[in-house]
>>> print(open('my_file.cif').read())   # mmCIF, C-alpha atoms and all ligand atoms
data_upload
loop_
_atom_site.label_atom_id
_atom_site.label_comp_id
_atom_site.auth_asym_id
_atom_site.auth_seq_id
_atom_site.Cartn_x
_atom_site.Cartn_y
_atom_site.Cartn_z
CA MET A 4 42.46 -23.50 26.44
CA ASN A 5 44.82 -23.06 23.51
CA LYS A 6 42.29 -23.65 20.71
CA GLY A 7 39.93 -21.18 22.22
CA VAL A 8 36.93 -20.88 24.48
CA CYS A 9 33.19 -20.73 23.98
CA TRP A 10 30.36 -19.14 25.93
CA LEU A 11 27.28 -21.35 25.78
CA GLU A 12 24.19 -21.32 28.03
CA GLY A 13 25.91 -19.14 30.62
CA SER A 14 29.16 -21.14 30.92
CA ILE A 15 32.57 -20.73 29.33
CA LEU A 16 34.01 -24.01 28.03
CA PRO A 17 37.14 -25.07 26.18
CA LEU A 18 36.21 -24.80 22.48
CA GLU A 19 36.48 -28.54 21.81
CA LYS A 20 33.99 -29.26 24.62
CA ALA A 21 31.30 -26.86 23.39
CA CYS A 22 28.41 -28.74 21.68
CA ILE A 23 24.91 -27.86 20.52
CA PRO A 24 21.88 -30.13 19.88
CA VAL A 25 21.48 -31.49 16.33
CA LEU A 26 17.95 -30.05 16.10
CA ASP A 27 19.21 -26.46 16.20
CA HIS A 28 17.90 -24.78 13.04
CA GLY A 29 21.22 -22.97 12.70
CA LEU A 30 22.70 -26.36 11.87
CA LEU A 31 19.72 -27.81 9.99
CA TYR A 32 18.99 -24.79 7.76
CA GLY A 33 21.66 -22.15 8.35
CA ASP A 34 18.89 -20.24 10.11
CA GLY A 35 20.76 -17.63 12.11
CA VAL A 36 23.14 -14.68 11.96
CA PHE A 37 26.68 -14.02 13.11
CA GLU A 38 29.48 -11.52 13.54
CA GLY A 39 33.26 -11.87 13.46
CA ILE A 40 34.99 -9.39 15.78
CA ARG A 41 38.72 -9.03 16.36
CA PHE A 42 40.23 -8.12 19.67
CA TYR A 43 43.59 -6.45 20.12
CA ALA A 44 45.35 -5.83 23.45
CA GLY A 45 42.40 -7.54 25.15
CA ALA A 46 39.83 -5.10 23.73
CA PRO A 47 37.19 -5.90 21.07
CA PHE A 48 37.61 -3.65 18.02
CA LEU A 49 34.53 -1.70 16.85
CA LEU A 50 32.20 -3.77 19.05
CA ASP A 51 29.28 -1.32 18.83
CA GLU A 52 29.32 -1.47 15.03
CA HIS A 53 29.32 -5.28 15.10
CA LEU A 54 26.48 -5.45 17.63
CA ARG A 55 24.44 -3.03 15.53
CA ARG A 56 24.93 -5.13 12.39
CA LEU A 57 24.11 -8.32 14.30
CA ARG A 58 20.83 -6.79 15.45
CA ASP A 59 20.01 -5.54 11.95
CA SER A 60 20.74 -8.98 10.45
CA ALA A 61 18.58 -10.64 13.11
CA GLN A 62 15.76 -8.12 12.64
CA ALA A 63 15.85 -8.70 8.87
CA ILE A 64 15.26 -12.44 9.37
CA ALA A 65 12.68 -11.89 12.14
CA LEU A 66 14.95 -13.46 14.76
CA SER A 67 14.78 -12.07 18.28
CA VAL A 68 18.01 -11.38 20.16
CA PRO A 69 16.96 -11.46 23.81
CA TRP A 70 20.34 -10.25 25.09
CA ASP A 71 20.88 -6.50 25.32
CA ASP A 72 24.10 -4.80 24.21
CA ASP A 73 25.48 -4.68 27.76
CA GLU A 74 24.96 -8.42 28.16
CA LEU A 75 26.57 -9.16 24.77
CA ALA A 76 29.49 -6.84 25.62
CA GLY A 77 29.84 -8.56 29.02
CA ILE A 78 29.89 -12.04 27.46
CA THR A 79 32.42 -10.82 24.88
CA ALA A 80 34.65 -9.44 27.64
CA ALA A 81 34.33 -12.73 29.55
CA VAL A 82 35.45 -14.92 26.59
CA VAL A 83 38.33 -12.52 25.83
CA GLU A 84 39.36 -12.75 29.50
CA ALA A 85 39.19 -16.58 29.43
CA PHE A 86 41.13 -16.79 26.15
CA ASP A 87 44.83 -17.57 26.27
CA GLY A 88 46.22 -14.42 24.61
CA ASP A 89 45.25 -10.78 24.28
CA GLU A 90 44.70 -10.84 20.49
CA GLY A 91 42.32 -13.01 18.60
CA TYR A 92 39.00 -13.39 16.89
CA ILE A 93 35.50 -13.61 18.36
CA ARG A 94 32.67 -15.40 16.57
CA MET A 95 29.26 -14.34 17.89
CA ILE A 96 26.40 -16.47 16.56
CA VAL A 97 22.65 -16.30 17.18
CA THR A 98 20.70 -19.28 15.84
CA ARG A 99 16.95 -19.80 15.62
CA GLY A 100 17.40 -22.48 18.29
CA GLU A 101 15.93 -25.96 18.48
CA GLY A 102 12.76 -27.07 16.72
CA PRO A 103 11.32 -30.11 15.01
CA LEU A 104 12.67 -31.26 11.63
CA GLY A 105 11.02 -29.05 9.02
CA ILE A 106 11.99 -25.59 7.83
CA ASP A 107 9.29 -23.64 9.69
CA PRO A 108 11.00 -21.39 12.28
CA ALA A 109 7.75 -20.81 14.23
CA PRO A 110 8.20 -23.77 16.63
CA CYS A 111 11.74 -22.60 17.51
CA LYS A 112 10.96 -20.66 20.67
CA THR A 113 14.42 -20.04 22.15
CA PRO A 114 17.23 -18.45 20.13
CA ARG A 115 20.68 -19.79 20.94
CA LEU A 116 23.73 -17.57 21.54
CA ILE A 117 27.24 -18.91 20.95
CA VAL A 118 30.31 -16.70 21.53
CA ILE A 119 33.71 -18.15 20.62
CA ALA A 120 37.12 -16.58 21.23
CA SER A 121 39.81 -18.19 19.11
CA ARG A 122 42.37 -17.37 16.41
CA LEU A 123 41.80 -16.83 12.71
CA GLU A 124 44.53 -16.54 10.09
CA MET A 125 43.02 -16.07 6.63
CA VAL A 126 46.35 -16.17 4.79
CA ASN A 127 49.94 -16.92 5.74
CA HIS A 128 52.59 -14.30 6.42
CA ALA A 129 54.18 -14.55 2.94
CA ALA A 130 50.84 -14.01 1.17
CA ARG A 131 50.09 -11.09 3.47
CA THR A 132 53.47 -9.53 2.71
CA HIS A 133 53.76 -10.20 -1.03
CA GLY A 134 50.09 -10.24 -1.96
CA VAL A 135 47.52 -12.90 -2.78
CA ARG A 136 46.25 -14.38 -6.05
CA LEU A 137 42.55 -14.01 -6.86
CA ILE A 138 40.26 -15.57 -9.42
CA THR A 139 36.80 -14.39 -10.38
CA ALA A 140 34.49 -17.29 -9.60
CA ALA A 141 31.84 -18.70 -11.92
CA THR A 142 29.59 -18.93 -8.84
CA ARG A 143 27.66 -15.66 -8.51
CA ARG A 144 26.70 -13.68 -5.39
CA LEU A 145 23.05 -14.33 -4.53
CA PRO A 146 20.85 -11.52 -5.89
CA PRO A 147 19.45 -9.09 -3.26
CA ASP A 148 15.89 -10.19 -4.06
CA GLY A 149 16.98 -13.70 -3.03
CA LEU A 150 19.04 -12.81 0.04
CA ASP A 151 19.95 -9.22 0.85
CA PRO A 152 23.78 -8.95 1.04
CA ARG A 153 23.43 -6.83 4.19
CA ILE A 154 22.18 -9.85 6.14
CA LYS A 155 25.19 -11.59 7.65
CA SER A 156 23.50 -14.96 7.85
CA LEU A 157 24.77 -18.48 8.50
CA ASN A 158 24.21 -19.26 4.78
CA TYR A 159 27.61 -19.08 3.06
CA LEU A 160 27.22 -21.93 0.63
CA ASN A 161 27.66 -19.97 -2.59
CA HIS A 162 30.72 -18.26 -1.06
CA ILE A 163 32.05 -21.70 -0.18
CA LEU A 164 31.47 -22.86 -3.78
CA ALA A 165 33.44 -19.84 -4.98
CA ARG A 166 36.22 -20.65 -2.51
CA ILE A 167 36.34 -24.23 -3.81
CA GLU A 168 36.88 -22.77 -7.28
CA ALA A 169 39.78 -20.71 -5.93
CA ASN A 170 41.29 -23.74 -4.21
CA ARG A 171 41.05 -25.80 -7.39
CA ALA A 172 42.69 -23.00 -9.39
CA GLY A 173 45.53 -22.76 -6.84
CA ALA A 174 44.46 -19.21 -5.94
CA ASP A 175 44.15 -17.72 -2.45
CA GLU A 176 40.69 -16.20 -2.73
CA ALA A 177 37.77 -15.81 -5.13
CA VAL A 178 35.90 -12.69 -6.23
CA LEU A 179 32.15 -13.09 -6.59
CA LEU A 180 30.34 -11.20 -9.33
CA ASN A 181 26.63 -10.43 -9.10
CA ALA A 182 24.06 -11.72 -11.59
CA GLN A 183 24.82 -8.73 -13.89
CA GLY A 184 28.54 -9.51 -13.92
CA ARG A 185 29.52 -6.57 -11.68
CA VAL A 186 32.07 -7.15 -8.92
CA ALA A 187 30.45 -7.82 -5.53
CA GLU A 188 33.14 -8.91 -3.03
CA GLY A 189 35.41 -11.73 -1.91
CA THR A 190 34.12 -14.87 -0.18
CA ALA A 191 34.63 -13.36 3.29
CA ASP A 192 36.00 -9.90 2.57
CA ASN A 193 35.38 -6.67 0.69
CA LEU A 194 37.48 -5.57 -2.25
CA PHE A 195 39.12 -2.26 -3.09
CA VAL A 196 40.95 -1.16 -6.25
CA VAL A 197 43.08 1.89 -6.88
CA ARG A 198 42.77 3.56 -10.26
CA GLU A 199 44.59 6.82 -10.97
CA GLY A 200 45.02 7.50 -7.25
CA ARG A 201 41.33 6.95 -6.48
CA LEU A 202 40.29 4.23 -4.05
CA LEU A 203 37.15 2.45 -5.26
CA THR A 204 34.98 -0.30 -3.76
CA PRO A 205 31.78 -1.87 -5.11
CA PRO A 206 28.51 -0.48 -3.70
CA VAL A 207 26.28 -2.63 -1.48
CA ILE A 208 23.68 -2.61 -4.28
CA ASP A 209 26.14 -4.63 -6.39
CA GLY A 210 26.21 -7.35 -3.72
CA ALA A 211 28.83 -6.27 -1.17
CA LEU A 212 28.32 -6.85 2.52
CA PRO A 213 28.55 -3.40 4.16
CA GLY A 214 31.81 -4.38 5.81
CA ILE A 215 32.83 -2.64 9.01
CA THR A 216 36.48 -2.67 7.91
CA ARG A 217 35.40 -1.37 4.49
CA ALA A 218 33.59 1.58 6.11
CA LEU A 219 36.62 2.31 8.30
CA ILE A 220 39.00 2.24 5.31
CA LEU A 221 36.74 4.57 3.30
CA GLN A 222 36.81 6.96 6.28
CA LEU A 223 40.55 6.66 6.99
CA ALA A 224 41.41 7.13 3.31
CA ALA A 225 39.26 10.25 3.09
CA ASP A 226 40.87 11.56 6.30
CA SER A 227 44.32 11.11 4.73
CA GLY A 228 43.35 12.99 1.59
CA ILE A 229 42.85 9.95 -0.67
CA GLU A 230 39.75 10.22 -2.87
CA ALA A 231 37.74 7.18 -1.80
CA ARG A 232 34.26 6.16 -2.88
CA GLU A 233 31.88 3.39 -3.89
CA GLN A 234 31.84 2.65 -7.59
CA SER A 235 30.38 -0.20 -9.59
CA LEU A 236 33.24 -2.29 -11.02
CA ALA A 237 33.56 -4.81 -13.84
CA PRO A 238 36.21 -7.56 -14.02
CA TYR A 239 38.03 -5.22 -16.47
CA ASP A 240 38.47 -2.72 -13.61
CA LEU A 241 40.14 -5.42 -11.51
CA HIS A 242 42.39 -6.66 -14.29
CA THR A 243 43.61 -3.16 -15.15
CA ALA A 244 43.78 -1.76 -11.59
CA ASP A 245 46.96 -0.11 -10.30
CA GLU A 246 46.44 -1.74 -6.92
CA CYS A 247 43.92 -4.04 -5.31
CA PHE A 248 43.40 -5.17 -1.73
CA LEU A 249 40.93 -7.04 0.45
CA THR A 250 39.46 -5.88 3.76
CA GLY A 251 37.58 -7.65 6.51
CA THR A 252 37.61 -8.46 10.19
CA GLY A 253 39.22 -11.82 9.48
CA ALA A 254 41.31 -10.55 6.57
CA GLU A 255 42.26 -7.20 8.09
CA LEU A 256 44.03 -5.69 5.01
CA ILE A 257 45.51 -8.07 2.42
CA PRO A 258 47.26 -6.81 -0.73
CA VAL A 259 46.45 -8.53 -4.05
CA ARG A 260 49.18 -9.22 -6.59
CA GLU A 261 47.35 -11.16 -9.27
CA ILE A 262 43.79 -11.49 -10.56
CA ASP A 263 42.79 -14.15 -13.13
CA GLY A 264 46.44 -14.52 -14.16
CA ARG A 265 46.97 -10.76 -14.68
CA THR A 266 49.76 -9.38 -12.50
CA LEU A 267 48.77 -6.00 -11.08
CA LYS A 268 50.98 -2.97 -11.57
CA ILE A 269 52.13 -2.67 -7.95
CA CYS A 270 51.74 -4.82 -4.84
CA PRO A 271 51.71 -3.80 -2.09
CA GLY A 272 51.07 -0.36 -3.54
CA PRO A 273 51.40 3.08 -1.94
CA VAL A 274 47.68 3.52 -1.30
CA PHE A 275 47.54 0.10 0.37
CA GLN A 276 50.53 1.05 2.54
CA ARG A 277 48.93 4.30 3.62
CA CYS A 278 45.60 2.63 4.40
CA SER A 279 47.38 -0.15 6.26
CA GLN A 280 49.30 2.33 8.43
CA ALA A 281 46.12 4.31 9.15
CA PHE A 282 44.33 1.04 10.02
CA ARG A 283 47.02 0.04 12.52
CA LYS A 284 46.89 3.51 14.03
CA ALA A 285 43.10 3.25 14.38
CA ILE A 286 43.50 -0.09 16.19
CA ARG A 287 46.04 1.43 18.57
CA LYS A 288 43.77 4.37 19.25
CA TYR A 289 40.70 2.20 19.83
CA CYS A 290 42.20 -0.81 21.62
CA GLY A 291 45.53 0.49 22.82
CA GLY A 292 47.45 -2.21 20.96
CA GLU A 293 47.85 -4.17 17.75
CA ARG A 294 49.13 -7.46 16.44
CA ARG A 295 51.63 -6.48 13.80
C1 LIG B 301 30.85 -11.94 2.74
C2 LIG B 301 31.68 -10.99 3.51
N1 LIG B 301 32.01 -9.81 2.96
C3 LIG B 301 32.76 -8.91 3.62
C4 LIG B 301 33.21 -9.15 4.90
C5 LIG B 301 34.01 -8.10 5.63
O1 LIG B 301 33.20 -7.46 6.60
P1 LIG B 301 33.80 -6.87 7.95
O2 LIG B 301 34.84 -5.89 7.58
O3 LIG B 301 32.63 -6.24 8.61
O4 LIG B 301 34.33 -8.02 8.70
C6 LIG B 301 32.88 -10.35 5.52
C7 LIG B 301 33.36 -10.61 6.88
O5 LIG B 301 32.74 -11.18 7.68
C8 LIG B 301 32.09 -11.29 4.82
O6 LIG B 301 31.76 -12.47 5.38
#
>>> encode(input="my_file.cif", output="structure tokens")
Amino acid sequence: MNKGVCWLEGSILPLEKACIPVLDHGLLYGDGVFEGIRFYAGAPFLLDEHLRRLRDSAQAIALSVPWDDDELAGITAAVVEAFDGDEGYIRMIVTRGEGPLGIDPAPCKTPRLIVIASRLEMVNHAARTHGVRLITAATRRLPPDGLDPRIKSLNYLNHILARIEANRAGADEAVLLNAQGRVAEGTADNLFVVREGRLLTPPVIDGALPGITRALILQLAADSGIEAREQSLAPYDLHTADECFLTGTGAELIPVREIDGRTLKICPGPVFQRCSQAFRKAIRKYCGGERR
């Protein structure tokens, strides 16, 4: 069970044995929602926050989630228990379920729940230690009147296009701008900059997913006396930042050393280091352990 395990239809299977029917609308149309949740020392981190966002995403796309929070927590505990290791990453997915070919969700009567426990490394150790290189992508974040950024849906295609741009440019990650050219976020992470000691992150209205790690960092920074707030940012604010870092469940905290070929002033910087320490302390407090 090294690659991971998956809860499906009431059973826990080795990940490579877990299969779903090809008529699932999650596969056919990306019709569904998901959460990524880390666990440390055998305990899921910020599970309530993730379950709340999953329900909000599902409600926003009129998808019913017929499992209550206790059931979802129980399934999460069961996959963590079955997983080989006490630290890892959970992917909880609710799809529209099976239906005929055709986009209409109405004939899909039974939502499908998939809960995977596996590992996820977004960047290697060297990049995590010395910082990553970003590019701003030509591909824009979808506008909120097309798809609200608060919905964590199975549709990531424009983020994938941005990531392809990063790959082609030899960068580690891409920053998506919104249609107005304001900074939204990374392809699977939120973005913070430090300017004159202030920690700034783009507001949700500019196209950021309201990240659970982002909210925690805003809180931890404020608790440690760092002025931290949402602020609309332009590419100029990235290029001229003192520090920059990425946050996310998968990413955890990743320092940024270069954006569009501009080397930032300091990486990893002092504000990053303080946030990172506070983050590790929060994990210890919540889960009783940590990875690094
Ligand atoms: C598009 C996007 N933005 C930001 C994040 C970070 O959010 P969180 O900290 O809740 O994982 C994610 C992570 O799933 C994401 O997919």
>>> residues_near_point(input="my_file.cif", point="(20.2, -2.0, -6.1)", cutoff="10 Å", atoms="only C-alpha atoms", output="PyMOL selection string")
chain A and resi 146-148+206-210
>>> residues_near_ligand(input="my_file.cif", ligand="ligand LIG 301 (chain B)", cutoff="9 Å", atoms="only C-alpha atoms and all ligand atoms", output="VMD selection string")
chain A and resid 37 to 41 52 to 53 56 152 155 to 156 159 162 187 to 194 211 to 219 249 to 255
>>> atom_distance(input="my_file.cif", atom1="CA of Asn170 in chain A", atom2="CA of Val197 in chain A")
25.8 Å
>>> residues_around(input="my_file.cif", residues="range 126-132 of chain A", least_positions_apart="3", cutoff="7 Å", atoms="only C-alpha atoms", output="PDB file with C-alpha atoms, keeping the file's coordinate frame")
ATOM      1  CA  VAL A 135      47.520 -12.900  -2.780  1.00  0.00           C
ATOM      2  CA  ILE A 257      45.510  -8.070   2.420  1.00  0.00           C
ATOM      3  CA  PRO A 258      47.260  -6.810  -0.730  1.00  0.00           C
TER       4      PRO A 258
END
>>> closest_residue(input="my_file.cif", among="A:Ile163, A:Leu104, A:Met125, A:Ala172", to="Leu26 in chain A", atoms="all atoms listed in the file")
A:Leu104
>>> closest_residue(input="my_file.cif", among="A:Cys247, A:Leu30, A:Val118, A:Leu137", to="Asp175 in chain A", atoms="all atoms listed in the file")
A:Leu137
>>> atom_distance(input="my_file.cif", atom1="CA of Glu84 in chain A", atom2="CA of Val8 in chain A")
9.9 Å
